[in-house]
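File shown: query-v9.txt (compact mmCIF, C-alpha atoms).
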```txt
# COMPACT_ATOMS: atom_id res chain seq x y z
CA MET A 22 95.83 17.29 123.09
CA ALA A 23 92.65 18.63 121.53
CA ASP A 24 92.26 22.37 121.86
CA GLN A 25 89.68 23.93 124.12
CA LEU A 26 86.24 24.52 122.82
CA SER A 27 85.85 28.25 122.91
CA LEU A 28 85.27 31.28 120.74
CA TYR A 29 88.03 33.27 122.37
CA VAL A 30 90.10 35.46 120.07
CA ASP A 31 93.36 36.65 121.56
CA ARG A 32 93.91 40.35 120.99
CA ALA A 33 95.54 43.10 122.98
CA SER A 34 92.71 45.53 123.59
CA PRO A 35 91.09 47.46 126.43
CA LEU A 36 88.07 45.20 126.19
CA HIS A 37 90.19 42.10 126.68
CA ARG A 38 91.85 43.64 129.72
CA LEU A 39 88.56 44.33 131.44
CA ASN A 40 87.71 42.15 134.38
CA PRO A 41 85.61 39.17 133.23
CA LEU A 42 82.87 39.85 135.74
CA THR A 43 82.41 43.35 134.31
CA LYS A 44 81.92 41.87 130.86
CA LEU A 45 79.56 39.25 132.25
CA VAL A 46 77.45 41.88 134.00
CA LEU A 47 77.45 43.95 130.83
CA SER A 48 76.26 41.04 128.70
CA PHE A 49 73.49 40.06 131.07
CA SER A 50 72.37 43.66 131.45
CA LEU A 51 72.16 44.09 127.69
CA VAL A 52 70.18 40.88 127.29
CA LEU A 53 67.73 41.69 130.07
CA ILE A 54 67.24 45.26 128.93
CA GLY A 55 66.81 44.07 125.37
CA PHE A 56 64.07 41.63 126.30
CA LEU A 57 62.31 43.52 129.06
CA GLY A 58 63.14 47.18 128.56
CA PRO A 59 60.88 49.86 127.10
CA GLY A 60 60.75 50.90 123.49
CA TYR A 61 60.31 49.19 120.17
CA TRP A 62 63.68 50.29 118.82
CA LEU A 63 65.61 49.56 122.01
CA PRO A 64 67.19 46.25 120.97
CA THR A 65 68.23 47.77 117.64
CA ILE A 66 69.81 50.74 119.43
CA LEU A 67 71.58 48.42 121.85
CA PHE A 68 73.03 46.30 119.09
CA VAL A 69 74.06 49.06 116.72
CA GLY A 70 74.89 51.72 119.28
CA ILE A 71 76.57 49.68 122.01
CA LEU A 72 77.57 46.20 120.91
CA ILE A 73 79.10 46.99 117.55
CA PRO A 74 81.18 49.96 118.79
CA LEU A 75 82.34 47.89 121.78
CA SER A 76 83.43 45.11 119.49
CA PHE A 77 85.56 47.51 117.51
CA TRP A 78 86.97 48.97 120.72
CA GLY A 79 88.02 45.42 121.48
CA ASN A 80 89.68 44.88 118.10
CA ILE A 81 87.30 42.05 117.38
CA GLY A 82 84.85 44.01 115.25
CA ASN A 83 85.23 41.89 112.13
CA GLU A 84 85.00 38.55 113.91
CA PHE A 85 82.02 39.83 115.87
CA LEU A 86 80.08 40.87 112.79
CA GLN A 87 80.95 37.75 110.83
CA ARG A 88 79.95 35.39 113.63
CA ALA A 89 76.83 37.31 114.52
CA VAL A 90 75.65 37.22 110.94
CA ARG A 91 76.47 33.55 110.55
CA LEU A 92 74.69 32.59 113.74
CA ILE A 93 71.68 34.79 113.38
CA LEU A 94 70.83 35.06 109.74
CA PRO A 95 69.18 31.68 109.09
CA LEU A 96 67.18 31.85 112.29
CA VAL A 97 66.06 35.42 111.79
CA LEU A 98 64.99 34.86 108.21
CA PHE A 99 62.94 31.83 109.15
CA LEU A 100 61.47 33.60 112.18
CA PHE A 101 60.66 36.64 110.11
CA VAL A 102 58.83 34.69 107.46
CA MET A 103 56.94 32.52 109.92
CA GLN A 104 55.93 35.28 112.29
CA SER A 105 55.07 37.84 109.66
CA LEU A 106 52.68 35.39 108.13
CA PHE A 107 51.29 33.62 111.15
CA TYR A 108 51.48 35.88 114.19
CA PRO A 109 47.93 36.09 115.50
CA GLY A 110 48.03 39.75 116.53
CA GLY A 111 47.95 41.15 113.04
CA ARG A 112 45.28 43.52 111.84
CA THR A 113 46.40 45.62 108.90
CA VAL A 114 46.75 43.44 105.85
CA LEU A 115 49.43 44.51 103.39
CA VAL A 116 49.55 41.67 100.89
CA ARG A 117 47.30 38.69 100.41
CA ILE A 118 48.39 35.51 98.64
CA TRP A 119 45.73 32.80 98.53
CA ILE A 120 44.82 32.16 102.18
CA ILE A 121 48.03 33.62 103.64
CA SER A 122 48.16 37.32 104.41
CA LEU A 123 51.06 39.54 105.41
CA LYS A 124 50.08 41.83 108.24
CA LEU A 125 51.82 44.98 109.45
CA GLU A 126 51.66 44.14 113.15
CA SER A 127 53.10 40.71 112.44
CA ILE A 128 56.08 42.20 110.65
CA GLN A 129 56.55 44.63 113.52
CA PHE A 130 56.47 41.79 116.04
CA ALA A 131 58.85 39.73 113.93
CA TYR A 132 61.28 42.65 113.76
CA LEU A 133 61.13 43.13 117.52
CA THR A 134 61.75 39.45 118.22
CA ALA A 135 64.54 39.29 115.66
CA THR A 136 66.38 42.29 117.08
CA ARG A 137 65.96 40.98 120.62
CA ILE A 138 67.56 37.69 119.63
CA LEU A 139 70.29 39.51 117.71
CA ASN A 140 70.94 41.60 120.81
CA MET A 141 71.15 38.52 123.05
CA VAL A 142 73.48 36.64 120.73
CA GLY A 143 75.62 39.73 120.23
CA ALA A 144 75.93 40.38 123.96
CA PHE A 145 77.16 36.86 124.68
CA LEU A 146 79.32 36.80 121.59
CA LEU A 147 81.06 39.97 122.77
CA LEU A 148 81.76 38.34 126.12
CA LEU A 149 82.98 35.08 124.63
CA LEU A 150 85.19 36.58 121.96
CA SER A 151 87.03 38.75 124.45
CA THR A 152 87.26 36.49 127.48
CA HIS A 153 89.29 33.34 127.85
CA PRO A 154 87.18 30.71 129.65
CA SER A 155 89.93 29.96 132.16
CA THR A 156 90.22 33.64 133.07
CA LEU A 157 86.49 33.86 133.61
CA MET A 158 86.45 30.71 135.72
CA THR A 159 89.42 31.79 137.82
CA ASP A 160 87.82 35.12 138.60
CA LEU A 161 84.45 33.62 139.47
CA THR A 162 86.07 31.03 141.72
CA ARG A 163 87.95 33.76 143.51
CA ARG A 164 84.65 35.49 144.12
CA GLY A 165 83.08 32.45 145.65
CA LEU A 166 81.78 30.24 142.86
CA PRO A 167 82.08 26.65 144.13
CA PRO A 168 85.20 24.99 142.70
CA ALA A 169 83.04 22.02 141.80
CA LEU A 170 81.12 24.19 139.35
CA THR A 171 84.32 25.60 137.90
CA TYR A 172 85.65 22.09 137.43
CA ILE A 173 82.49 20.99 135.68
CA LEU A 174 82.43 23.90 133.23
CA VAL A 175 86.12 23.87 132.36
CA SER A 176 86.16 20.09 132.12
CA THR A 177 83.14 20.08 129.81
CA LEU A 178 84.79 22.51 127.44
CA GLN A 179 87.82 20.23 127.29
CA ILE A 180 85.93 16.97 126.97
CA ILE A 181 83.68 17.94 124.10
CA PRO A 182 86.45 18.36 121.50
CA GLN A 183 88.08 15.19 122.82
CA MET A 184 84.82 13.32 122.38
CA ARG A 185 84.33 14.72 118.91
CA ASN A 186 87.76 13.47 117.88
CA LYS A 187 86.98 10.11 119.40
CA ALA A 188 83.68 10.07 117.52
CA ASN A 189 85.45 10.75 114.23
CA THR A 190 87.99 8.03 114.96
CA ILE A 191 85.24 5.55 115.74
CA ILE A 192 83.31 6.53 112.61
CA ASP A 193 86.41 5.95 110.49
CA ALA A 194 87.18 2.68 112.20
CA GLN A 195 83.66 1.34 111.76
CA ARG A 196 83.48 2.46 108.17
CA SER A 197 86.72 0.67 107.40
CA ARG A 198 84.99 -2.43 108.79
CA GLY A 199 82.17 -1.97 106.35
CA LEU A 200 79.61 0.12 108.28
CA GLU A 201 77.22 1.84 105.91
CA THR A 202 76.82 5.51 106.86
CA GLN A 203 75.00 6.78 103.82
CA GLY A 204 71.69 5.80 102.39
CA SER A 205 68.16 5.66 103.67
CA VAL A 206 66.99 7.09 106.99
CA TRP A 207 66.67 3.62 108.49
CA ALA A 208 70.19 2.72 107.42
CA ARG A 209 71.49 5.85 109.09
CA ILE A 210 69.56 5.20 112.29
CA GLY A 211 70.94 1.67 112.30
CA ALA A 212 74.45 3.02 111.82
CA LEU A 213 74.00 5.18 114.89
CA PHE A 214 74.37 2.36 117.42
CA PRO A 215 77.78 0.93 116.50
CA LEU A 216 79.00 4.52 116.51
CA VAL A 217 77.48 5.80 119.69
CA GLY A 218 78.00 2.63 121.75
CA PRO A 219 81.82 2.61 121.87
CA LEU A 220 81.86 6.38 122.28
CA VAL A 221 79.54 6.51 125.27
CA PHE A 222 80.92 3.48 127.08
CA GLY A 223 84.51 4.51 126.43
CA SER A 224 83.86 7.92 127.92
CA LEU A 225 81.98 6.57 130.93
CA VAL A 226 84.76 4.19 131.82
CA ASP A 227 87.05 7.21 132.04
CA VAL A 228 84.85 8.73 134.71
CA GLU A 229 85.94 6.41 137.49
CA GLU A 230 89.63 6.92 136.74
CA ARG A 231 89.28 10.69 136.65
CA ALA A 232 87.40 10.72 139.93
CA ILE A 233 90.19 8.79 141.61
CA ALA A 234 92.80 11.03 140.02
CA ILE A 235 91.32 14.32 141.19
CA GLU A 236 90.59 13.01 144.65
CA ALA A 237 94.24 12.06 144.88
CA ARG A 238 95.04 15.70 144.08
CA ALA A 239 93.03 17.08 147.03
CA PHE A 240 90.12 18.25 144.91
CA LYS A 241 87.71 18.17 147.80
CA ALA A 242 90.01 19.85 150.30
CA LYS A 243 88.42 22.85 151.98
CA ARG A 244 91.45 25.14 151.87
CA VAL A 245 91.53 28.16 149.61
CA LYS A 246 93.68 27.22 146.65
CA THR A 247 96.28 29.51 145.13
CA SER A 248 95.75 30.26 141.49
CA LEU A 249 98.40 30.51 138.80
CA ARG A 250 96.48 33.25 137.06
CA GLU A 251 96.06 36.78 138.35
CA VAL A 252 92.95 38.54 137.15
CA PRO A 253 93.05 42.34 137.53
CA ASP A 254 90.11 44.38 138.71
CA SER A 255 89.60 48.07 139.50
CA THR A 256 87.34 50.25 141.61
CA LEU A 257 86.03 52.00 138.53
CA GLN A 258 84.91 48.66 137.11
CA ARG A 259 83.22 47.73 140.35
CA GLN A 260 81.31 51.00 140.25
CA VAL A 261 80.39 50.45 136.63
CA ARG A 262 79.07 46.98 137.48
CA TRP A 263 76.84 48.27 140.23
CA GLY A 264 75.74 51.15 138.01
CA LEU A 265 74.84 48.75 135.22
CA GLY A 266 72.89 46.55 137.60
CA LEU A 267 70.89 49.50 138.84
CA LEU A 268 70.30 50.80 135.32
CA THR A 269 69.07 47.38 134.23
CA LEU A 270 66.57 47.22 137.08
CA VAL A 271 65.32 50.73 136.34
CA LEU A 272 64.88 50.05 132.64
CA ILE A 273 63.16 46.72 133.26
CA GLY A 274 60.87 48.49 135.69
CA ILE A 275 59.94 51.10 133.12
CA GLY A 276 59.49 48.44 130.48
CA LEU A 277 57.20 46.31 132.60
CA TRP A 278 55.24 49.27 133.87
CA ARG A 279 54.35 50.41 130.36
CA MET B 18 68.99 12.12 156.33
CA SER B 19 68.52 15.87 156.00
CA PHE B 20 68.17 17.63 152.67
CA SER B 21 71.60 19.23 152.67
CA GLU B 22 73.26 15.96 153.70
CA ARG B 23 71.51 14.18 150.86
CA LEU B 24 72.60 16.89 148.48
CA LYS B 25 76.23 16.59 149.52
CA GLU B 26 76.05 12.85 149.07
CA ASP B 27 74.48 13.22 145.66
CA PHE B 28 77.27 15.50 144.51
CA SER B 29 80.09 13.08 145.18
CA THR B 30 83.32 13.21 143.21
CA MET B 31 82.01 10.54 140.88
CA THR B 32 79.00 12.72 140.16
CA LEU B 33 81.13 15.80 139.54
CA VAL B 34 83.26 13.89 137.07
CA LEU B 35 80.23 12.27 135.45
CA ILE B 36 78.50 15.57 134.76
CA PRO B 37 80.96 16.94 132.16
CA VAL B 38 80.96 13.56 130.40
CA ALA B 39 77.16 13.55 130.44
CA ILE B 40 77.06 17.09 129.04
CA ALA B 41 79.50 16.06 126.33
CA ILE B 42 77.28 13.06 125.52
CA ASN B 43 74.31 15.42 125.25
CA VAL B 44 76.16 17.74 122.92
CA VAL B 45 77.84 15.17 120.68
CA ILE B 46 74.81 12.92 120.24
CA GLY B 47 72.54 15.93 119.87
CA GLN B 48 74.73 17.24 117.09
CA ILE B 49 74.98 13.89 115.29
CA VAL B 50 71.20 13.54 115.42
CA SER B 51 70.58 17.04 114.13
CA LEU B 52 72.98 16.37 111.25
CA LEU B 53 70.94 13.29 110.39
CA LYS B 54 67.86 15.53 110.28
CA LEU B 55 65.70 13.20 112.33
CA PRO B 56 62.48 14.55 113.92
CA VAL B 57 63.91 14.11 117.41
CA TYR B 58 66.54 15.92 119.46
CA LEU B 59 68.09 13.17 121.62
CA ASP B 60 70.12 15.84 123.36
CA SER B 61 69.16 14.92 126.94
CA ILE B 62 70.44 11.37 127.25
CA GLY B 63 73.24 12.50 129.55
CA THR B 64 70.83 14.57 131.62
CA VAL B 65 68.54 11.60 132.24
CA LEU B 66 71.56 9.41 132.96
CA VAL B 67 72.80 11.74 135.68
CA GLY B 68 69.30 12.20 137.07
CA VAL B 69 68.95 8.47 137.54
CA LEU B 70 72.44 7.74 138.85
CA ALA B 71 73.02 10.81 141.02
CA GLY B 72 69.65 12.21 141.95
CA PRO B 73 67.23 14.90 140.71
CA TRP B 74 69.36 17.94 141.55
CA ALA B 75 72.47 16.62 139.85
CA GLY B 76 70.29 15.84 136.85
CA ALA B 77 68.81 19.32 136.89
CA LEU B 78 72.28 20.88 137.05
CA THR B 79 73.47 18.71 134.18
CA GLY B 80 70.55 19.80 132.04
CA THR B 81 71.02 23.48 132.79
CA LEU B 82 74.75 23.40 132.14
CA SER B 83 74.24 21.41 128.93
CA ASN B 84 72.04 24.19 127.64
CA ILE B 85 74.55 26.83 128.65
CA VAL B 86 77.43 25.00 127.04
CA TRP B 87 75.39 24.36 123.88
CA GLY B 88 74.57 28.07 123.85
CA LEU B 89 78.17 29.07 124.35
CA THR B 90 79.66 26.83 121.72
CA ILE B 91 77.11 25.88 119.09
CA ASP B 92 74.02 28.03 119.01
CA PRO B 93 73.31 30.90 121.42
CA ASN B 94 69.62 30.51 120.67
CA ALA B 95 69.65 27.56 123.05
CA PHE B 96 70.14 29.74 126.14
CA PRO B 97 66.52 30.59 127.00
CA TRP B 98 65.52 26.92 127.05
CA PHE B 99 67.50 25.94 130.11
CA PRO B 100 64.44 25.59 132.40
CA VAL B 101 63.25 22.76 130.17
CA ALA B 102 66.54 20.90 130.60
CA PHE B 103 66.46 21.67 134.32
CA PHE B 104 63.12 19.96 134.72
CA ILE B 105 64.06 17.04 132.49
CA GLY B 106 66.90 16.18 134.85
CA LEU B 107 64.78 16.83 137.92
CA THR B 108 61.89 14.70 136.69
CA ALA B 109 64.18 11.85 135.65
CA GLY B 110 65.74 11.82 139.11
CA ILE B 111 62.40 11.91 140.89
CA CYS B 112 60.93 9.13 138.74
CA ALA B 113 64.01 6.99 139.32
CA ARG B 114 63.75 7.64 143.05
CA TYR B 115 60.30 6.08 142.98
CA GLY B 116 61.50 3.01 141.16
CA LEU B 117 60.41 4.00 137.66
CA PHE B 118 63.71 3.11 136.06
CA LYS B 119 63.93 -0.57 136.85
CA THR B 120 62.23 -2.27 133.92
CA TRP B 121 61.90 -1.18 130.32
CA TRP B 122 58.19 -0.46 130.42
CA LYS B 123 58.60 1.64 133.57
CA VAL B 124 61.27 3.54 131.70
CA VAL B 125 58.74 4.23 128.94
CA ILE B 126 56.39 5.65 131.57
CA THR B 127 59.21 7.83 132.87
CA GLY B 128 59.82 9.02 129.33
CA ILE B 129 56.18 10.00 128.96
CA ILE B 130 56.18 11.90 132.25
CA ILE B 131 59.34 13.75 131.26
CA ALA B 132 57.80 14.55 127.89
CA PHE B 133 54.73 15.96 129.58
CA VAL B 134 56.76 18.23 131.85
CA ALA B 135 59.11 19.31 129.08
CA ALA B 136 56.23 20.07 126.72
CA ILE B 137 54.48 22.38 129.17
CA ILE B 138 57.57 24.31 130.16
CA SER B 139 58.89 24.71 126.64
CA ALA B 140 55.45 25.85 125.50
CA PHE B 141 55.59 28.69 128.02
CA ILE B 142 59.07 29.78 127.00
CA ASN B 143 58.09 29.46 123.36
CA VAL B 144 55.11 31.75 123.70
CA TRP B 145 56.70 34.22 126.07
CA LEU B 146 59.85 34.79 124.06
CA TYR B 147 58.95 33.99 120.48
CA GLY B 148 55.21 34.42 120.31
CA GLY B 149 54.80 30.73 119.56
CA ILE B 150 56.94 30.37 116.44
CA THR B 151 60.51 29.20 116.73
CA ALA B 152 62.82 27.94 114.05
CA SER B 153 62.15 24.25 114.50
CA GLY B 154 60.21 21.97 112.19
CA SER B 155 57.41 21.63 114.72
CA SER B 156 56.60 25.29 114.21
CA PHE B 157 54.97 24.45 110.91
CA LEU B 158 52.40 22.43 112.77
CA THR B 159 51.94 25.30 115.22
CA ALA B 160 51.53 27.74 112.36
CA TYR B 161 48.88 25.56 110.76
CA LEU B 162 46.96 25.33 114.01
CA LEU B 163 47.18 29.08 114.51
CA ALA B 164 45.97 29.82 111.01
CA SER B 165 42.99 27.59 111.63
CA GLY B 166 41.90 29.84 114.45
CA ARG B 167 43.14 28.23 117.65
CA GLY B 168 44.73 30.26 120.43
CA VAL B 169 48.50 30.60 120.69
CA ILE B 170 49.04 28.60 123.87
CA GLU B 171 46.75 25.84 122.62
CA SER B 172 48.58 25.52 119.34
CA VAL B 173 52.04 25.40 120.87
CA LEU B 174 50.98 22.90 123.53
CA ALA B 175 49.36 20.71 120.92
CA THR B 176 52.53 20.74 118.81
CA ASN B 177 54.71 19.90 121.77
CA PHE B 178 52.53 17.04 122.92
CA ILE B 179 53.08 15.30 119.64
CA PHE B 180 56.83 15.65 119.24
CA GLU B 181 58.07 15.49 122.80
CA PRO B 182 56.95 11.97 123.79
CA ILE B 183 58.79 10.37 120.88
CA ASP B 184 61.98 12.16 121.77
CA LYS B 185 61.80 11.72 125.53
CA VAL B 186 60.77 8.06 125.51
CA ALA B 187 63.64 7.33 123.12
CA THR B 188 66.00 9.34 125.33
CA SER B 189 64.93 7.50 128.47
CA LEU B 190 65.22 4.10 126.82
CA LEU B 191 68.68 4.92 125.50
CA ALA B 192 69.77 6.07 128.95
CA TRP B 193 68.39 2.83 130.35
CA PHE B 194 70.26 0.76 127.76
CA ILE B 195 73.46 2.54 128.66
CA ILE B 196 72.98 1.84 132.37
CA LYS B 197 72.18 -1.78 131.63
CA GLY B 198 75.42 -2.03 129.67
CA LEU B 199 77.56 -0.90 132.57
CA SER B 200 78.87 -3.33 135.16
CA VAL B 201 77.20 -3.52 138.56
CA ARG B 202 80.48 -2.70 140.26
CA TYR B 203 80.73 0.53 138.27
CA ILE B 204 77.16 1.58 138.96
CA SER B 205 77.56 0.97 142.67
CA ARG B 206 80.07 3.82 142.81
CA PHE B 207 77.30 6.34 142.15
CA PRO B 208 75.20 7.94 144.89
CA ARG B 209 71.83 6.68 143.69
CA ALA B 210 72.79 3.24 142.46
CA GLU B 211 69.68 1.82 144.11
CA ASN B 212 67.62 3.41 141.34
CA VAL B 213 68.58 0.70 138.86
```

Representation of the structure as structure tokens:
Amino acid sequence: MADQLSLYVDRASPLHRLNPLTKLVLSFSLVLIGFLGPGYWLPTILFVGILIPLSFWGNIGNEFLQRAVRLILPLVLFLFVMQSLFYPGGRTVLVRIWIISLKLESIQFAYLTATRILNMVGAFLLLLLSTHPSTLMTDLTRRGLPPALTYILVSTLQIIPQMRNKANTIIDAQRSRGLETQGSVWARIGALFPLVGPLVFGSLVDVEERAIAIEARAFKAKRVKTSLREVPDSTLQRQVRWGLGLLTLVLIGIGLWR
Amino acid sequence: MSFSERLKEDFSTMTLVLIPVAIAINVVIGQIVSLLKLPVYLDSIGTVLVGVLAGPWAGALTGTLSNIVWGLTIDPNAFPWFPVAFFIGLTAGICARYGLFKTWWKVVITGIIIAFVAAIISAFINVWLYGGITASGSSFLTAYLLASGRGVIESVLATNFIFEPIDKVATSLLAWFIIKGLSVRYISRFPRAENV
């Protein structure tokens, strides 16, 4: 059975033991504050002063930094170059090469955007590295998320690796029958159809069987279902969640007011 | 039939099982295409498929969740773009509802409408979050337009209106081909089978 598609890293740490909703609220708060809150250095402070320490508290510091760098670096570099050179709000010219000029305000804007994105990616990365998807789903369902939605999300995370394996199998099979997968752009586009066709139709045929299978297992029954997993929560965490929510609103208010 | 009744009908078990498969189709094909470095995305085929077979709201949900899943597993930079995917699914469903998915040339029209909607919404997100320059190839065109003195919104919109139609028309046609390749008996199990 193909493994689940997730970033989860299993460690025993206080961060991992936190209720998933707390972590979710934390991530969203950080993202919203990062994008809408006041202050030029705010996203930088959030990332360096909150996200990185939290990741080490959760024993996932190394993975966090590695992944964050790998995900962000190419994007940020490109963004930085493009925005520094082409952002239309620039005034103070620092360097001029031919018709392209590097302006101070553009670099400042690029830095702000880059740190905001870094903050967003970091916040979600922290959540994903420390929370098993099933735990998150179980907790949300218990709080009232429609089971249909839970099914869709969990099922998607399972199906994608399955489909990828199928895709690789089909690619191998077609290549052993002489399908040309290298070469010119047109050759590659042409190779797309014998690969995608069996994959898509094979997966769609499954749909009807699955639907029958889950209906036979009382999927649509209205009763509250008992879960195998127990997800712990505490009053302190509930208070922290509300506190974070309030803080986020206040900071966004200040940020928008400025 | 009231709105909530229609909604419940649209979200039948078949729909609920179709959505993850459609999201997976979006992700896998989207990844293959980006590996081939083609100037299109083709990451909304599943979204359009669900929009046509199960109605606008199911399509919108598929699009949104596709973005979220893509953001969770491949590239978190995809998160802010979910409204675009939302409206792609919604538009596809609405067009199909009005019979625009029955012949190939009507499908092309649907593709153009979807492209239009997607271009406008993504332009707004683009400008609001990134100041107009993202990390895609189309940004070079935007940058050129900006340097030549046009306003930010104008430049981004202009860029989008060139790239989106190609992608969305191709997406719609591919979704149509897929539907045509399925048996009538199979299609009839879906809530909005009358769309095709």

Please return, as a compact mmCIF listing (two decimals) with C-alpha atoms, in the frame of the given file, all polymer residues that have at least one atom within 12 Å of the point (82.8, 49.0, 121.4); use all atoms listed in the file and the file's own coordinate frame.
```
# COMPACT_ATOMS: atom_id res chain seq x y z
CA SER A 34 92.71 45.53 123.59
CA PRO A 35 91.09 47.46 126.43
CA LEU A 36 88.07 45.20 126.19
CA HIS A 37 90.19 42.10 126.68
CA LYS A 44 81.92 41.87 130.86
CA LEU A 47 77.45 43.95 130.83
CA LEU A 67 71.58 48.42 121.85
CA PHE A 68 73.03 46.30 119.09
CA VAL A 69 74.06 49.06 116.72
CA GLY A 70 74.89 51.72 119.28
CA ILE A 71 76.57 49.68 122.01
CA LEU A 72 77.57 46.20 120.91
CA ILE A 73 79.10 46.99 117.55
CA PRO A 74 81.18 49.96 118.79
CA LEU A 75 82.34 47.89 121.78
CA SER A 76 83.43 45.11 119.49
CA PHE A 77 85.56 47.51 117.51
CA TRP A 78 86.97 48.97 120.72
CA GLY A 79 88.02 45.42 121.48
CA ASN A 80 89.68 44.88 118.10
CA ILE A 81 87.30 42.05 117.38
CA GLY A 82 84.85 44.01 115.25
CA ASN A 83 85.23 41.89 112.13
CA PHE A 85 82.02 39.83 115.87
CA GLY A 143 75.62 39.73 120.23
CA ALA A 144 75.93 40.38 123.96
CA LEU A 147 81.06 39.97 122.77
CA LEU A 148 81.76 38.34 126.12
CA SER A 151 87.03 38.75 124.45
```

How close does chain A get to chain B? List, as CSV, each residue of chain A within 8 Å, its nearest atom pair and the distance in Å to one decimal, counting all atoms listed in the file.
```
residue,atom,partner,partner_atom,distance
A:Leu26,CA,B:Thr90,CA,7.1
A:Ser27,CA,B:Thr90,CA,6.5
A:Leu28,CA,B:Thr90,CA,7.2
A:Leu92,CA,B:Asp92,CA,7.0
A:Leu96,CA,B:Ala152,CA,6.1
A:Phe99,CA,B:Ala152,CA,6.3
A:Leu100,CA,B:Ala152,CA,6.1
A:Met103,CA,B:Ile150,CA,6.9
A:Gln104,CA,B:Ile150,CA,6.5
A:Phe107,CA,B:Ala160,CA,6.0
A:Tyr108,CA,B:Gly148,CA,7.3
A:Pro109,CA,B:Leu163,CA,7.1
A:Thr134,CA,B:Tyr147,CA,6.5
A:Ile138,CA,B:Asn94,CA,7.5
A:Val142,CA,B:Pro93,CA,5.8
A:Phe145,CA,B:Pro93,CA,7.8
A:Leu149,CA,B:Leu89,CA,7.7
A:Ala169,CA,B:Leu33,CA,6.9
A:Ile173,CA,B:Pro37,CA,5.6
A:Leu174,CA,B:Pro37,CA,7.2
A:Ser176,CA,B:Pro37,CA,6.1
A:Thr177,CA,B:Pro37,CA,4.5
A:Leu178,CA,B:Val86,CA,7.8
A:Ile180,CA,B:Ala41,CA,6.5
A:Ile181,CA,B:Ala41,CA,5.1
A:Met184,CA,B:Ala41,CA,7.2
A:Arg185,CA,B:Val45,CA,6.7
A:Arg209,CA,B:Leu53,CA,7.6
A:Val217,CA,B:Ile46,CA,7.6
A:Val221,CA,B:Ile42,CA,6.9
A:Phe222,CA,B:Ile195,CA,7.7
A:Ser224,CA,B:Val38,CA,6.8
A:Leu225,CA,B:Val38,CA,7.1
A:Val228,CA,B:Leu35,CA,5.9
A:Glu229,CA,B:Met31,CA,6.6
A:Arg231,CA,B:Val34,CA,6.8
A:Ala232,CA,B:Met31,CA,5.5
A:Glu236,CA,B:Thr30,CA,7.4
```

Using the file's own x, y and z axes, what box holds all listed atoms of range 158-173 of chain A with 4 Å on each side, keeping edges along x, y and z, and what are its centre and edge lengths in Å to one decimal, as AutoDock Vina command-line options?
```
--center_x 85.3 --center_y 28.2 --center_z 140.7 --size_x 16.3 --size_y 22.5 --size_z 18.0
```

>> Considering all atoms listed in the file, can you say which of B:Phe141, B:Trp193, B:Phe133, B:Trp87 comes closest to Pro100 in chain B?
In response: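 Residue with the minimum atom-to-atom distance to Pro100 in chain B: B:Phe141.
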
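Residues lying within 12 Å of Trp278 in chain A, counting all atoms listed in the file and ignoring same-chain neighbours fewer than 5 positions away, are Leu57, Gly58, Pro59, Gly60, Leu270, Val271, Leu272 and Ile273 of chain A.
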
Q) When you draw a straight line from CA of Val186 in chain B to CA of Gly47 in chain B, how long is it in Å? A)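 CA of Gly47 in chain B lies 15.2 Å from CA of Val186 in chain B.
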
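Using only C-alpha atoms for every distance, the candidate list A:Asp31, A:Val52, A:Asn40, A:Ala208 yields A:Val52 as the residue closest to Asn140 in chain A.
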
| When distances are computed from only C-alpha atoms, which of B:Val69, B:Arg209, B:Val101, B:Phe20 shows the smallest separation from Leu117 in chain B? |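 Among the listed residues, the smallest separation from Leu117 in chain B belongs to B:Val69.
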
From A:Val46, A:Leu220, A:Tyr172, A:Ser155, residue lying nearest Gly266 in chain A [all atoms listed in the file] =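 Checking each of A:Val46, A:Leu220, A:Tyr172, A:Ser155 against Gly266 in chain A, counting all atoms listed in the file, the winner is A:Val46.
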
*asked:* Quick check, in Å to one decimal: how far apart do CA of Leu150 in chain A and CA of Pro95 in chain A lie?
replied: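 Calculated distance between CA of Leu150 in chain A and CA of Pro95 in chain A is 21.1 Å.
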
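Residues near the point (66.3, 11.5, 128.8), at a distance of 8 Å or less over all atoms listed in the file, make up Leu59, Asp60, Ser61, Ile62, Gly63, Thr64, Val65, Leu66, Ile105, Gly106, Ala109, Gly128, Ile131, Lys185, Val186, Ala187, Thr188, Ser189, Leu190, Leu191 and Ala192 of chain B.
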
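Coordinates place CA of Ala135 in chain A at a distance of 26.2 Å from CA of Val30 in chain A.
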